[in-house]
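Enquirer: Provided below: work.txt, containing compact mmCIF, C-alpha atoms.
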# COMPACT_ATOMS: atom_id res chain seq x y z
CA MET Z 205 0.00 0.00 0.00
CA ALA Z 206 1.34 3.41 -0.93
CA PRO Z 207 1.87 5.84 1.94
CA THR Z 208 -1.06 8.06 2.81
CA THR Z 209 -0.71 11.67 1.72
CA ASP Z 210 -2.92 14.62 2.50
CA VAL Z 211 -4.63 15.31 -0.83
CA ALA Z 212 -5.02 13.24 -3.98
CA ILE Z 213 -6.01 14.94 -7.23
CA VAL Z 214 -7.24 12.58 -9.93
CA GLY Z 215 -6.53 14.19 -13.30
CA GLY Z 216 -3.73 16.42 -14.53
CA GLY Z 217 -5.60 18.96 -16.63
CA PRO Z 218 -5.58 22.74 -16.08
CA GLY Z 219 -7.82 22.57 -13.01
CA GLY Z 220 -6.07 19.69 -11.31
CA LEU Z 221 -2.56 21.05 -11.89
CA THR Z 222 -3.56 24.56 -10.78
CA LEU Z 223 -4.94 23.12 -7.55
CA ALA Z 224 -1.76 21.09 -7.04
CA ARG Z 225 0.36 24.22 -7.45
CA LEU Z 226 -1.76 26.26 -5.05
CA LEU Z 227 -1.77 23.54 -2.39
CA THR Z 228 1.94 22.75 -2.58
CA MET Z 229 2.68 26.48 -2.22
CA ARG Z 230 0.87 26.28 1.13
CA GLY Z 231 2.84 23.24 2.29
CA THR Z 232 0.19 20.60 1.61
CA ARG Z 233 1.43 17.25 0.40
CA VAL Z 234 -0.27 16.44 -2.89
CA THR Z 235 -0.25 13.58 -5.36
CA VAL Z 236 -1.71 14.09 -8.83
CA TYR Z 237 -2.73 10.83 -10.51
CA GLU Z 238 -2.66 11.24 -14.29
CA ARG Z 239 -3.56 8.57 -16.80
CA ASP Z 240 -1.09 9.85 -19.45
CA ALA Z 241 2.22 8.00 -19.41
CA GLY Z 242 4.11 11.31 -19.38
CA ARG Z 243 3.81 14.95 -20.29
CA SER Z 244 4.58 14.22 -23.96
CA ALA Z 245 2.41 11.11 -24.26
CA ARG Z 246 -0.21 12.82 -26.43
CA THR Z 247 -1.03 16.16 -27.99
CA GLN Z 248 -2.97 18.56 -25.80
CA GLY Z 249 -5.17 20.11 -28.48
CA GLY Z 250 -5.46 23.74 -29.48
CA THR Z 251 -5.45 26.96 -27.50
CA LEU Z 252 -7.31 28.47 -24.57
CA ASP Z 253 -8.25 32.07 -23.93
CA LEU Z 254 -7.62 32.65 -20.24
CA HIS Z 255 -9.92 35.27 -18.75
CA ALA Z 256 -8.71 37.95 -16.36
CA ASP Z 257 -11.13 37.09 -13.55
CA THR Z 258 -10.84 33.30 -13.72
CA GLY Z 259 -7.88 31.55 -15.35
CA GLN Z 260 -5.50 34.51 -15.06
CA ARG Z 261 -6.65 35.17 -11.51
CA ALA Z 262 -5.78 31.61 -10.52
CA LEU Z 263 -2.36 31.85 -12.16
CA ARG Z 264 -1.71 35.12 -10.35
CA ALA Z 265 -2.46 33.44 -7.01
CA ALA Z 266 -0.14 30.61 -8.07
CA GLY Z 267 2.71 33.05 -8.71
CA LEU Z 268 2.80 32.16 -12.41
CA THR Z 269 1.82 35.41 -14.09
CA GLU Z 270 5.26 36.04 -15.56
CA ALA Z 271 5.50 32.46 -16.86
CA PHE Z 272 2.05 32.87 -18.39
CA ARG Z 273 3.00 36.13 -20.10
CA ARG Z 274 5.98 34.45 -21.74
CA HIS Z 275 3.63 32.06 -23.52
CA ALA Z 276 0.42 34.10 -23.85
CA ARG Z 277 -0.51 35.66 -27.19
CA PRO Z 278 -2.75 38.72 -26.91
CA GLU Z 279 -2.80 38.85 -30.72
CA GLY Z 280 -4.53 35.47 -30.56
CA GLU Z 281 -7.68 37.40 -29.68
CA ASP Z 282 -7.91 38.50 -33.33
CA MET Z 283 -11.05 37.05 -34.88
CA LEU Z 284 -12.61 37.10 -38.34
CA LEU Z 285 -16.23 35.93 -38.63
CA LEU Z 286 -17.70 35.21 -42.08
CA ASP Z 287 -20.72 33.58 -43.62
CA ARG Z 288 -20.26 30.64 -45.99
CA THR Z 289 -20.02 32.94 -49.03
CA GLY Z 290 -17.02 34.72 -47.53
CA THR Z 291 -18.89 37.88 -46.53
CA VAL Z 292 -17.29 39.37 -43.41
CA LEU Z 293 -19.79 39.61 -40.56
CA HIS Z 294 -17.46 40.81 -37.82
CA ARG Z 295 -13.77 41.46 -37.31
CA ASP Z 296 -11.69 41.99 -34.18
CA ASP Z 297 -8.09 43.21 -34.56
CA THR Z 298 -6.21 43.27 -31.27
CA PRO Z 299 -4.29 46.53 -30.74
CA ASP Z 300 -0.65 46.40 -29.74
CA ASP Z 301 -1.48 47.95 -26.36
CA SER Z 302 -4.22 45.41 -25.62
CA PRO Z 303 -4.82 44.87 -21.87
CA ALA Z 304 -4.74 41.10 -22.59
CA LEU Z 305 -8.07 40.39 -20.90
CA ARG Z 306 -8.41 37.09 -22.78
CA PRO Z 307 -5.07 36.22 -24.40
CA GLU Z 308 -4.60 32.81 -25.97
CA ILE Z 309 -2.18 30.18 -24.69
CA ASP Z 310 -1.58 26.74 -26.16
CA ARG Z 311 -2.89 23.96 -23.96
CA ALA Z 312 0.52 22.28 -24.06
CA ASP Z 313 2.27 25.46 -22.91
CA LEU Z 314 -0.18 25.95 -20.05
CA ARG Z 315 0.27 22.37 -18.94
CA ASP Z 316 4.05 22.64 -19.09
CA LEU Z 317 4.24 25.83 -17.04
CA LEU Z 318 2.01 24.28 -14.36
CA LEU Z 319 4.00 21.03 -14.32
CA ASP Z 320 7.28 22.92 -14.07
CA ALA Z 321 5.97 24.75 -11.00
CA LEU Z 322 5.33 21.53 -9.04
CA PRO Z 323 7.79 19.76 -6.74
CA PRO Z 324 9.43 16.73 -8.41
CA GLY Z 325 7.37 13.59 -8.01
CA THR Z 326 4.06 15.38 -7.47
CA VAL Z 327 2.54 13.80 -10.59
CA ALA Z 328 2.19 10.02 -10.69
CA TRP Z 329 2.13 9.32 -14.44
CA GLY Z 330 0.43 6.36 -16.04
CA ARG Z 331 -2.12 6.05 -13.23
CA ALA Z 332 -5.62 5.64 -14.65
CA LEU Z 333 -8.20 5.30 -11.90
CA ARG Z 334 -10.25 2.10 -11.93
CA THR Z 335 -12.25 2.40 -8.70
CA ALA Z 336 -12.50 4.43 -5.51
CA ALA Z 337 -14.15 3.33 -2.28
CA PRO Z 338 -14.30 4.53 1.33
CA GLY Z 339 -11.29 3.36 3.32
CA PRO Z 340 -11.72 1.22 6.44
CA ASP Z 341 -10.39 4.01 8.67
CA GLY Z 342 -11.89 6.96 6.82
CA GLY Z 343 -10.64 8.62 3.70
CA TRP Z 344 -10.60 6.89 0.34
CA ARG Z 345 -8.91 3.89 -1.21
CA LEU Z 346 -7.99 4.30 -4.86
CA GLU Z 347 -7.27 1.41 -7.22
CA PHE Z 348 -5.63 1.95 -10.60
CA THR Z 349 -5.70 0.00 -13.83
CA ASP Z 350 -2.04 -0.94 -13.41
CA GLY Z 351 -2.88 -2.73 -10.15
CA GLY Z 352 -1.55 0.01 -7.87
CA ARG Z 353 -3.40 1.27 -4.81
CA ALA Z 354 -3.27 4.35 -2.62
CA GLU Z 355 -5.14 5.77 0.35
CA HIS Z 356 -5.87 9.45 0.92
CA ARG Z 357 -7.91 11.40 3.42
CA THR Z 358 -9.10 13.88 0.77
CA VAL Z 359 -9.65 13.11 -2.91
CA ILE Z 360 -10.41 15.69 -5.60
CA GLY Z 361 -11.86 14.52 -8.90
CA ALA Z 362 -10.40 16.60 -11.71
CA ASP Z 363 -10.80 13.76 -14.18
CA GLY Z 364 -12.89 15.42 -16.83
CA ALA Z 365 -16.09 14.68 -18.71
CA ASN Z 366 -15.95 10.91 -18.10
CA SER Z 367 -15.02 11.20 -14.44
CA ARG Z 368 -14.66 7.92 -12.57
CA LEU Z 369 -15.30 9.73 -9.27
CA ARG Z 370 -18.50 11.56 -10.22
CA PRO Z 371 -20.75 8.49 -9.76
CA LEU Z 372 -19.75 8.43 -6.08
CA LEU Z 373 -21.49 11.78 -5.66
CA THR Z 374 -24.28 11.95 -8.27
CA PRO Z 375 -25.96 9.73 -10.87
CA ALA Z 376 -25.84 12.60 -13.38
CA VAL Z 377 -24.14 11.80 -16.69
CA PRO Z 378 -23.28 14.08 -19.64
CA HIS Z 379 -25.96 14.35 -22.32
CA HIS Z 380 -25.34 14.88 -26.03
CA LEU Z 381 -25.89 18.42 -27.28
CA GLY Z 382 -26.82 17.68 -30.87
CA VAL Z 383 -23.42 18.78 -32.13
CA ASN Z 384 -20.58 16.65 -33.46
CA THR Z 385 -17.17 17.99 -34.39
CA VAL Z 386 -14.22 16.93 -36.50
CA GLU Z 387 -10.76 18.23 -35.58
CA GLY Z 388 -7.60 18.35 -37.67
CA ALA Z 389 -4.44 20.42 -38.01
CA VAL Z 390 -2.32 22.14 -40.64
CA PRO Z 391 1.30 22.03 -39.40
CA ASP Z 392 3.88 24.72 -40.13
CA ILE Z 393 1.29 26.67 -42.08
CA ASP Z 394 3.41 29.77 -42.74
CA ARG Z 395 5.89 27.67 -44.70
CA THR Z 396 3.61 25.06 -46.25
CA HIS Z 397 0.56 27.21 -47.04
CA PRO Z 398 1.47 30.92 -46.72
CA ALA Z 399 -1.72 32.11 -48.42
CA LEU Z 400 -3.86 30.16 -45.99
CA ALA Z 401 -1.73 31.45 -43.11
CA ALA Z 402 -2.53 35.00 -44.20
CA THR Z 403 -6.23 34.15 -44.41
CA VAL Z 404 -6.34 32.78 -40.86
CA GLY Z 405 -4.25 35.66 -39.53
CA ARG Z 406 -2.94 35.83 -35.97
CA GLY Z 407 -5.98 34.44 -34.20
CA SER Z 408 -9.20 32.74 -35.30
CA TYR Z 409 -10.95 32.43 -38.65
CA TRP Z 410 -14.58 31.34 -38.26
CA VAL Z 411 -17.06 30.60 -41.04
CA VAL Z 412 -20.69 29.94 -40.12
CA GLY Z 413 -23.35 28.36 -42.31
CA ASP Z 414 -26.65 26.51 -41.97
CA GLY Z 415 -26.16 23.48 -39.76
CA ARG Z 416 -22.37 23.59 -39.78
CA SER Z 417 -19.34 25.78 -39.24
CA LEU Z 418 -15.59 25.78 -39.75
CA ALA Z 419 -13.13 27.38 -37.35
CA ALA Z 420 -9.37 27.68 -37.78
CA GLN Z 421 -7.18 28.83 -34.92
CA ARG Z 422 -3.52 29.78 -34.85
CA CYS Z 423 -1.25 27.96 -32.36
CA SER Z 424 2.17 29.06 -31.09
CA ASP Z 425 3.94 26.06 -32.64
CA GLY Z 426 3.20 27.36 -36.13
CA SER Z 427 0.26 25.07 -36.74
CA VAL Z 428 -3.40 25.91 -37.27
CA ARG Z 429 -6.11 23.80 -35.65
CA VAL Z 430 -9.13 23.27 -37.87
CA GLY Z 431 -12.50 22.31 -36.41
CA LEU Z 432 -15.68 21.41 -38.27
CA SER Z 433 -18.96 21.47 -36.38
CA PHE Z 434 -22.14 19.78 -37.56
CA HIS Z 435 -25.43 20.68 -35.88
CA GLY Z 436 -28.45 18.46 -36.12
CA PRO Z 437 -30.24 15.56 -34.48
CA ALA Z 438 -28.88 14.53 -31.12
CA HIS Z 439 -26.95 11.53 -32.40
CA ARG Z 440 -23.71 10.68 -30.69
CA ALA Z 441 -20.58 10.71 -32.81
CA ALA Z 442 -20.51 6.95 -33.46
CA ASP Z 443 -24.06 6.92 -34.85
CA TRP Z 444 -23.44 10.12 -36.77
CA LEU Z 445 -20.32 8.69 -38.43
CA THR Z 446 -22.18 5.55 -39.44
CA THR Z 447 -24.96 7.65 -40.95
CA CYS Z 448 -22.56 9.92 -42.84
CA GLY Z 449 -20.36 7.06 -44.02
CA ILE Z 450 -17.17 9.02 -43.33
CA PRO Z 451 -14.21 6.63 -42.81
CA PHE Z 452 -12.26 8.43 -40.09
CA GLU Z 453 -9.90 5.51 -39.72
CA ARG Z 454 -8.55 6.52 -43.17
CA PRO Z 455 -7.74 10.26 -43.04
CA ASP Z 456 -7.35 10.77 -46.78
CA ASP Z 457 -10.71 9.15 -47.48
CA ALA Z 458 -12.31 11.10 -44.64
CA ARG Z 459 -11.12 14.40 -46.08
CA ALA Z 460 -12.41 13.38 -49.51
CA ALA Z 461 -15.81 12.58 -47.99
CA LEU Z 462 -15.98 15.84 -46.02
CA LEU Z 463 -14.92 18.22 -48.80
CA PRO Z 464 -18.19 17.97 -50.82
CA LEU Z 465 -20.08 19.17 -47.74
CA PHE Z 466 -18.39 22.54 -48.26
CA ASP Z 467 -18.64 22.76 -52.06
CA ASP Z 468 -20.65 25.98 -52.00
CA TRP Z 469 -18.60 27.60 -49.22
CA THR Z 470 -15.84 30.17 -49.58
CA PRO Z 471 -12.78 28.44 -51.12
CA ALA Z 472 -10.63 29.02 -48.04
CA CYS Z 473 -12.76 26.50 -46.11
CA ARG Z 474 -12.10 23.71 -48.56
CA ALA Z 475 -8.43 24.67 -48.77
CA LEU Z 476 -8.02 24.52 -44.99
CA LEU Z 477 -9.69 21.13 -44.80
CA ALA Z 478 -7.62 19.78 -47.69
CA ALA Z 479 -4.42 21.05 -46.04
CA CYS Z 480 -4.99 19.11 -42.81
CA THR Z 481 -2.48 16.31 -42.41
CA GLY Z 482 -2.65 13.38 -40.09
CA PRO Z 483 -5.81 12.09 -38.42
CA LEU Z 484 -9.18 13.79 -38.37
CA VAL Z 485 -10.69 13.24 -34.93
CA PRO Z 486 -14.48 13.11 -34.47
CA ARG Z 487 -15.96 14.19 -31.14
CA ALA Z 488 -19.47 14.44 -29.73
CA LEU Z 489 -20.25 17.53 -27.66
CA THR Z 490 -21.81 16.71 -24.31
CA ALA Z 491 -22.66 18.60 -21.12
CA LEU Z 492 -23.86 17.96 -17.59
CA PRO Z 493 -27.20 19.41 -16.44
CA VAL Z 494 -26.98 23.13 -15.71
CA GLY Z 495 -26.98 23.77 -11.97
CA LEU Z 496 -25.93 20.23 -11.01
CA ARG Z 497 -25.50 19.73 -7.25
CA TRP Z 498 -24.82 16.74 -5.01
CA PRO Z 499 -24.95 16.02 -1.28
CA ALA Z 500 -21.69 16.54 0.59
CA ARG Z 501 -19.62 13.41 1.06
CA PRO Z 502 -16.65 13.38 3.46
CA GLY Z 503 -13.27 13.67 1.83
CA LEU Z 504 -14.47 13.85 -1.77
CA THR Z 505 -15.36 16.57 -4.27
CA LEU Z 506 -15.02 17.46 -7.93
CA LEU Z 507 -13.80 20.37 -10.00
CA GLY Z 508 -13.79 21.39 -13.65
CA ASP Z 509 -15.51 19.23 -16.26
CA ALA Z 510 -15.98 16.45 -13.72
CA ALA Z 511 -18.26 18.81 -11.78
CA HIS Z 512 -19.88 21.02 -14.44
CA LEU Z 513 -19.09 19.93 -17.99
CA MET Z 514 -20.47 22.67 -20.26
CA PRO Z 515 -20.47 23.49 -23.98
CA PRO Z 516 -16.95 24.35 -25.20
CA VAL Z 517 -17.45 28.07 -25.82
CA GLY Z 518 -14.50 29.42 -23.85
CA HIS Z 519 -15.49 28.99 -20.20
CA GLY Z 520 -14.65 25.40 -19.26
CA ALA Z 521 -10.91 25.61 -18.50
CA ASN Z 522 -11.35 29.03 -16.92
CA ALA Z 523 -14.07 27.72 -14.63
CA ALA Z 524 -11.87 24.76 -13.67
CA MET Z 525 -8.94 26.99 -12.75
CA ARG Z 526 -11.24 29.26 -10.73
CA ASP Z 527 -12.53 26.11 -8.99
CA ALA Z 528 -8.95 25.28 -8.05
CA LEU Z 529 -8.42 28.73 -6.57
CA GLU Z 530 -11.64 28.64 -4.57
CA LEU Z 531 -10.96 25.12 -3.28
CA ALA Z 532 -7.38 25.93 -2.25
CA THR Z 533 -8.62 29.08 -0.50
CA ALA Z 534 -11.30 27.12 1.38
CA LEU Z 535 -8.82 24.47 2.51
CA GLU Z 536 -6.40 27.15 3.71
CA ALA Z 537 -9.18 28.88 5.65
CA ALA Z 538 -10.08 25.69 7.54
CA PRO Z 539 -6.80 23.78 7.96
CA GLY Z 540 -8.15 21.56 10.72
CA ASP Z 541 -11.54 20.88 9.15
CA PRO Z 542 -11.27 19.72 5.54
CA GLU Z 543 -14.92 18.65 5.52
CA ALA Z 544 -16.06 22.19 6.26
CA ALA Z 545 -13.67 23.42 3.57
CA LEU Z 546 -15.11 21.06 0.96
CA ARG Z 547 -18.67 22.08 1.85
CA ALA Z 548 -17.82 25.79 1.61
CA TYR Z 549 -16.10 25.24 -1.73
CA GLU Z 550 -19.02 23.27 -3.16
CA GLU Z 551 -21.61 25.87 -2.21
CA GLU Z 552 -19.58 28.63 -3.86
CA MET Z 553 -18.79 26.50 -6.91
CA PHE Z 554 -22.39 25.34 -7.41
CA ALA Z 555 -23.70 28.93 -7.51
CA ARG Z 556 -20.87 30.36 -9.62
CA THR Z 557 -20.70 27.67 -12.27
CA ALA Z 558 -24.47 27.37 -12.68
CA GLU Z 559 -24.45 30.90 -14.10
CA VAL Z 560 -21.47 30.14 -16.35
CA ALA Z 561 -23.02 26.89 -17.61
CA ALA Z 562 -26.32 28.62 -18.35
CA GLN Z 563 -24.49 31.32 -20.31
CA SER Z 564 -22.51 28.67 -22.21
CA ALA Z 565 -25.75 26.88 -23.12
CA ARG Z 566 -27.21 30.15 -24.44
CA ILE Z 567 -24.11 30.77 -26.55
CA LEU Z 568 -24.27 27.27 -28.02
CA GLU Z 569 -27.94 27.78 -28.88
CA MET Z 570 -26.98 31.00 -30.66
CA ILE Z 571 -24.12 29.32 -32.56
CA THR Z 572 -26.34 26.48 -33.76
CA SER Z 573 -29.39 28.59 -34.62
CA PRO Z 574 -30.53 29.23 -38.22
CA ALA Z 575 -29.52 32.90 -37.88
CA ALA Z 576 -26.18 32.04 -36.26
CA GLY Z 577 -23.98 34.41 -38.25
CA ARG Z 578 -26.10 37.48 -37.61
CA ARG Z 579 -26.61 36.63 -33.94
CA ILE Z 580 -22.92 35.92 -33.30
CA ALA Z 581 -21.90 39.20 -34.94
CA ALA Z 582 -24.43 41.09 -32.81
CA PHE Z 583 -23.15 39.29 -29.72
CA PHE Z 584 -19.57 40.39 -30.41
CA ARG Z 585 -20.81 43.95 -30.88
CA GLY Z 586 -22.56 43.72 -27.51
CA GLU Z 587 -26.00 44.06 -29.08
CA GLY Z 588 -27.77 40.82 -28.22
CA ASP Z 589 -27.97 37.44 -26.53
As C-alpha cells - that is how I would like this structure written.
Expert:
Amino acid sequence: MAPTTDVAIVGGGPGGLTLARLLTMRGTRVTVYERDAGRSARTQGGTLDLHADTGQRALRAAGLTEAFRRHARPEGEDMLLLDRTGTVLHRDDTPDDSPALRPEIDRADLRDLLLDALPPGTVAWGRALRTAAPGPDGGWRLEFTDGGRAEHRTVIGADGANSRLRPLLTPAVPHHLGVNTVEGAVPDIDRTHPALAATVGRGSYWVVGDGRSLAAQRCSDGSVRVGLSFHGPAHRAADWLTTCGIPFERPDDARAALLPLFDDWTPACRALLAACTGPLVPRALTALPVGLRWPARPGLTLLGDAAHLMPPVGHGANAAMRDALELATALEAAPGDPEAALRAYEEEMFARTAEVAAQSARILEMITSPAAGRRIAAFFRGEGD
C-alpha cells in the first residue's frame, strides 16, 4: 500500500494542476494521478483564452503570471467571422497595447508551465483510476488500472467529462448536445501554405453556415487547428459517423468525404480542410445538467468538467482553474476541518458555475441557430444574446 498523503487529485488537466500548485505552495502534500504515461504522451489540443477574472486570476495566485506572459498571445484574440459565401460579418483586430483580458495560450504550454511549477514527483504518471471506495479508517482507497493502490484522506476529482469519481457523488451523466465535431491540423502553415496562413491571420478564422461551421485557430507552434462542427439531431458521434459514411480511420478518405459538404462555401474553407495532415478526430459535444448539485460526502469533491461539464465556448478551462483557486482558499481557511472546507467550496462552486453553464448553453444555442452568423456578430458587438 502506498503511503497516505494529504490530498489526492485525480486528473492532470488545467484545473487539477492549478490546484496542485496552489496547495503545494501552502505546504500541503499532494499527489496528482494522471492517466497519461508522461507529459509528452499525447497532444494537448489547441489553445485556450484565459480570462482575467478566472484563469489569469488563478495563475496570479499561483505566482505564475510572468510564466504565463511568456507564452500568452494577446494577438490570438484576433477574430474574423464570415458567412459561408465569404462575406465578413465581424472582425476583431487586437491593438498592440491590448490589456490582454483574454489572451490565448496553447494547452501544451499551459500544462508545461504548471507542471514545471510543481515539486518533483508530485505527478504520478500512467495512473488511470479504476475504482474508488471509502477506506476502512476513513478517507478513500484508490485502485488503478495498473494494479496500484493508494489511500488518501481527501480526494479531488479533476478527471474530466468521463469522471470515474462523479458516480460516487451523483448519478448525473453528460448528455449529447446535438453537435458533433471533427478536428484536424495544418502544421507549419506559414511555410507550407502561406496564403492560408494569411487568411487565418494571428488568431481565429470562423465561417458559419446553416447546420455547420468551420473554425481555424492559430497555435504558437506554427500550426493551425481546424474544427468542423455539424449541428443536427442529437446523435452521438458513433451513430453520426455511421450515418454519414465518413471513414475516419482513413484520413485521406475522410477528407475526400468531407470536402463535398463545403462545395458551395468560400474556397478558403475547402483549402483549410484539404491542407490538414494526419488524423481527423471526431468528437461528440456533451454537457452535464446546468446547476448540477450533489450532497456533501466526506473527503471527496469534484472540479472542472468532472463537476460542471459545459459546452466548449471558452469557459470550461477558466471555470476549472477558478474552482482550483476557490478550493485551495477554502482548505487554507479551515486547515483543521477539511470537511467544512469542501462544503464551503461546493456551495460557492455550485452557484458560480451554474451561471457560467447557463451562459454557455445560451451561446451554443446562438451558434447552432438558423440565424447564427447574424446573432454571433451582434453578440460580439454587444447588441444581443
Enquirer: Quick one: residues within 12 Å of segment 298-304 of chain Z, only C-alpha atoms, excluding same-chain residues fewer than 4 positions away - as a PyMOL selection string?
Expert: chain Z and resi 253-257+260+272-273+276-284+308-309+405-408
Enquirer: Convert the current residue selection to file output with C-alpha atoms, as a CSV table (one decimal), in the coordinates of the input.
Expert:
chain,number,residue,atom,x,y,z
Z,253,ASP,CA,-8.2,32.1,-23.9
Z,254,LEU,CA,-7.6,32.6,-20.2
Z,255,HIS,CA,-9.9,35.3,-18.8
Z,256,ALA,CA,-8.7,38.0,-16.4
Z,257,ASP,CA,-11.1,37.1,-13.6
Z,260,GLN,CA,-5.5,34.5,-15.1
Z,272,PHE,CA,2.0,32.9,-18.4
Z,273,ARG,CA,3.0,36.1,-20.1
Z,276,ALA,CA,0.4,34.1,-23.8
Z,277,ARG,CA,-0.5,35.7,-27.2
Z,278,PRO,CA,-2.8,38.7,-26.9
Z,279,GLU,CA,-2.8,38.8,-30.7
Z,280,GLY,CA,-4.5,35.5,-30.6
Z,281,GLU,CA,-7.7,37.4,-29.7
Z,282,ASP,CA,-7.9,38.5,-33.3
Z,283,MET,CA,-11.0,37.0,-34.9
Z,284,LEU,CA,-12.6,37.1,-38.3
Z,308,GLU,CA,-4.6,32.8,-26.0
Z,309,ILE,CA,-2.2,30.2,-24.7
Z,405,GLY,CA,-4.2,35.7,-39.5
Z,406,ARG,CA,-2.9,35.8,-36.0
Z,407,GLY,CA,-6.0,34.4,-34.2
Z,408,SER,CA,-9.2,32.7,-35.3
Enquirer: List the spatial neighbours of Gln421 of chain Z as an MDAnalysis selection string - criterion: any atom at most 8 Å away, only C-alpha atoms, same-chain residues fewer than 4 positions off excluded.
Expert: chainID Z and resid 250:251 404 407:409 428:430
Enquirer: Could you take the residues named above and write them with C-alpha atoms, as an mmCIF file, in the frame of the given file?
Expert:
data_model
loop_
_atom_site.group_PDB
_atom_site.id
_atom_site.type_symbol
_atom_site.label_atom_id
_atom_site.label_comp_id
_atom_site.auth_asym_id
_atom_site.auth_seq_id
_atom_site.Cartn_x
_atom_site.Cartn_y
_atom_site.Cartn_z
ATOM 1 C CA GLY Z 250 -5.460 23.740 -29.480
ATOM 2 C CA THR Z 251 -5.450 26.960 -27.500
ATOM 3 C CA VAL Z 404 -6.340 32.780 -40.860
ATOM 4 C CA GLY Z 407 -5.980 34.440 -34.200
ATOM 5 C CA SER Z 408 -9.200 32.740 -35.300
ATOM 6 C CA TYR Z 409 -10.950 32.430 -38.650
ATOM 7 C CA VAL Z 428 -3.400 25.910 -37.270
ATOM 8 C CA ARG Z 429 -6.110 23.800 -35.650
ATOM 9 C CA VAL Z 430 -9.130 23.270 -37.870
#
Enquirer: Of the candidates Z:Val494, Z:Ala500, Z:Leu314, Z:Leu286, which shows the shortest atom-to-atom distance to Gly577 of chain Z, using only C-alpha atoms?
Expert: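 Checking each of Z:Val494, Z:Ala500, Z:Leu314, Z:Leu286 against Gly577 of chain Z, counting only C-alpha atoms, the winner is Z:Leu286.
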Enquirer: Near Gly364 of chain Z, within 8 Å and counting all atoms listed in the file, which residues show up once chain neighbours fewer than 3 positions away are dropped, as a ChimeraX atom specification?
Expert: /Z:215,367,508-510,513
Enquirer: Considering all atoms listed in the file, return as a VMD selection string whatever protein or nucleic-acid residues lie within 6 Å of segment 479-485 of chain Z, sequence-local ones (same chain, fewer than 4 positions apart) excluded.
Expert: chain Z and resid 386 to 390 455
Enquirer: As AutoDock Vina command-line options, please: the centre and edge lengths in Å, to one decimal, of an axis-aligned box enclosing every listed atom of segment 240-251 of chain Z with 4 Å added on each side.
Expert:
--center_x -0.4 --center_y 17.5 --center_z -24.4 --size_x 18.0 --size_y 27.0 --size_z 18.1
Enquirer: What does the structure give for the distance between atom CA of Gly495 of chain Z and atom CA of Val236 of chain Z, in Å to one decimal?
Expert: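 Atom-to-atom, atom CA of Gly495 of chain Z and atom CA of Val236 of chain Z are spaced 27.2 Å apart.
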Enquirer: Suppose you want the space between atom CA of Gly413 of chain Z and atom CA of Ala461 of chain Z; what is it in Å?
Expert: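 A separation of 18.4 Å between them.
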Enquirer: Expressed in Å to a single decimal, how great is the separation between atom CA of Ala488 of chain Z and atom CA of Gly426 of chain Z?
Expert: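 It comes out at 26.9 Å.
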Enquirer: When distances are computed from only C-alpha atoms, which of Z:Ile213, Z:Leu465, Z:Ala545, Z:Met229 shows the smallest separation from Asp414 of chain Z?
Expert: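 Among the listed residues, Z:Leu465 lies closest to Asp414 of chain Z.
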Enquirer: Can you pull out the residues contacting Asp527 of chain Z? Cut-off 8 Å, using all atoms listed in the file, and skip same-chain residues under 3 positions away; I want them as a PDB file with C-alpha atoms, keeping the file's coordinate frame.
Expert:
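Final output, saved to around.pdb:
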ATOM      1  CA  GLY Z 219      -7.820  22.570 -13.010  1.00  0.00           C
ATOM      2  CA  LEU Z 507     -13.800  20.370 -10.000  1.00  0.00           C
ATOM      3  CA  GLY Z 508     -13.790  21.390 -13.650  1.00  0.00           C
ATOM      4  CA  ALA Z 523     -14.070  27.720 -14.630  1.00  0.00           C
ATOM      5  CA  ALA Z 524     -11.870  24.760 -13.670  1.00  0.00           C
ATOM      6  CA  GLU Z 530     -11.640  28.640  -4.570  1.00  0.00           C
ATOM      7  CA  LEU Z 531     -10.960  25.120  -3.280  1.00  0.00           C
ATOM      8  CA  MET Z 553     -18.790  26.500  -6.910  1.00  0.00           C
TER       9      MET Z 553
END
Enquirer: Please complete segment 375-381 of chain Z with N, CA, C and O atoms and give it back as a PDB file, in the frame of the given file.
Expert:
ATOM      1  N   PRO Z 375     -25.716  10.595  -9.706  1.00  0.00           N
ATOM      2  CA  PRO Z 375     -25.960   9.730 -10.870  1.00  0.00           C
ATOM      3  C   PRO Z 375     -25.965  10.488 -12.187  1.00  0.00           C
ATOM      4  O   PRO Z 375     -26.127   9.884 -13.252  1.00  0.00           O
ATOM      5  N   ALA Z 376     -25.777  11.792 -12.160  1.00  0.00           N
ATOM      6  CA  ALA Z 376     -25.840  12.600 -13.380  1.00  0.00           C
ATOM      7  C   ALA Z 376     -24.742  12.183 -14.364  1.00  0.00           C
ATOM      8  O   ALA Z 376     -23.601  11.921 -13.967  1.00  0.00           O
ATOM      9  N   VAL Z 377     -25.109  12.126 -15.636  1.00  0.00           N
ATOM     10  CA  VAL Z 377     -24.140  11.800 -16.690  1.00  0.00           C
ATOM     11  C   VAL Z 377     -24.271  12.855 -17.792  1.00  0.00           C
ATOM     12  O   VAL Z 377     -25.333  13.457 -17.988  1.00  0.00           O
ATOM     13  N   PRO Z 378     -23.204  13.100 -18.545  1.00  0.00           N
ATOM     14  CA  PRO Z 378     -23.280  14.080 -19.640  1.00  0.00           C
ATOM     15  C   PRO Z 378     -24.291  13.637 -20.704  1.00  0.00           C
ATOM     16  O   PRO Z 378     -24.408  12.458 -21.019  1.00  0.00           O
ATOM     17  N   HIS Z 379     -25.013  14.612 -21.241  1.00  0.00           N
ATOM     18  CA  HIS Z 379     -25.960  14.350 -22.320  1.00  0.00           C
ATOM     19  C   HIS Z 379     -25.439  14.982 -23.607  1.00  0.00           C
ATOM     20  O   HIS Z 379     -24.724  15.989 -23.591  1.00  0.00           O
ATOM     21  N   HIS Z 380     -25.799  14.390 -24.734  1.00  0.00           N
ATOM     22  CA  HIS Z 380     -25.340  14.880 -26.030  1.00  0.00           C
ATOM     23  C   HIS Z 380     -26.066  16.163 -26.394  1.00  0.00           C
ATOM     24  O   HIS Z 380     -27.267  16.310 -26.122  1.00  0.00           O
ATOM     25  N   LEU Z 381     -25.347  17.095 -27.009  1.00  0.00           N
ATOM     26  CA  LEU Z 381     -25.890  18.420 -27.280  1.00  0.00           C
ATOM     27  C   LEU Z 381     -26.385  18.604 -28.714  1.00  0.00           C
ATOM     28  O   LEU Z 381     -26.744  19.714 -29.101  1.00  0.00           O
TER      29      LEU Z 381
END
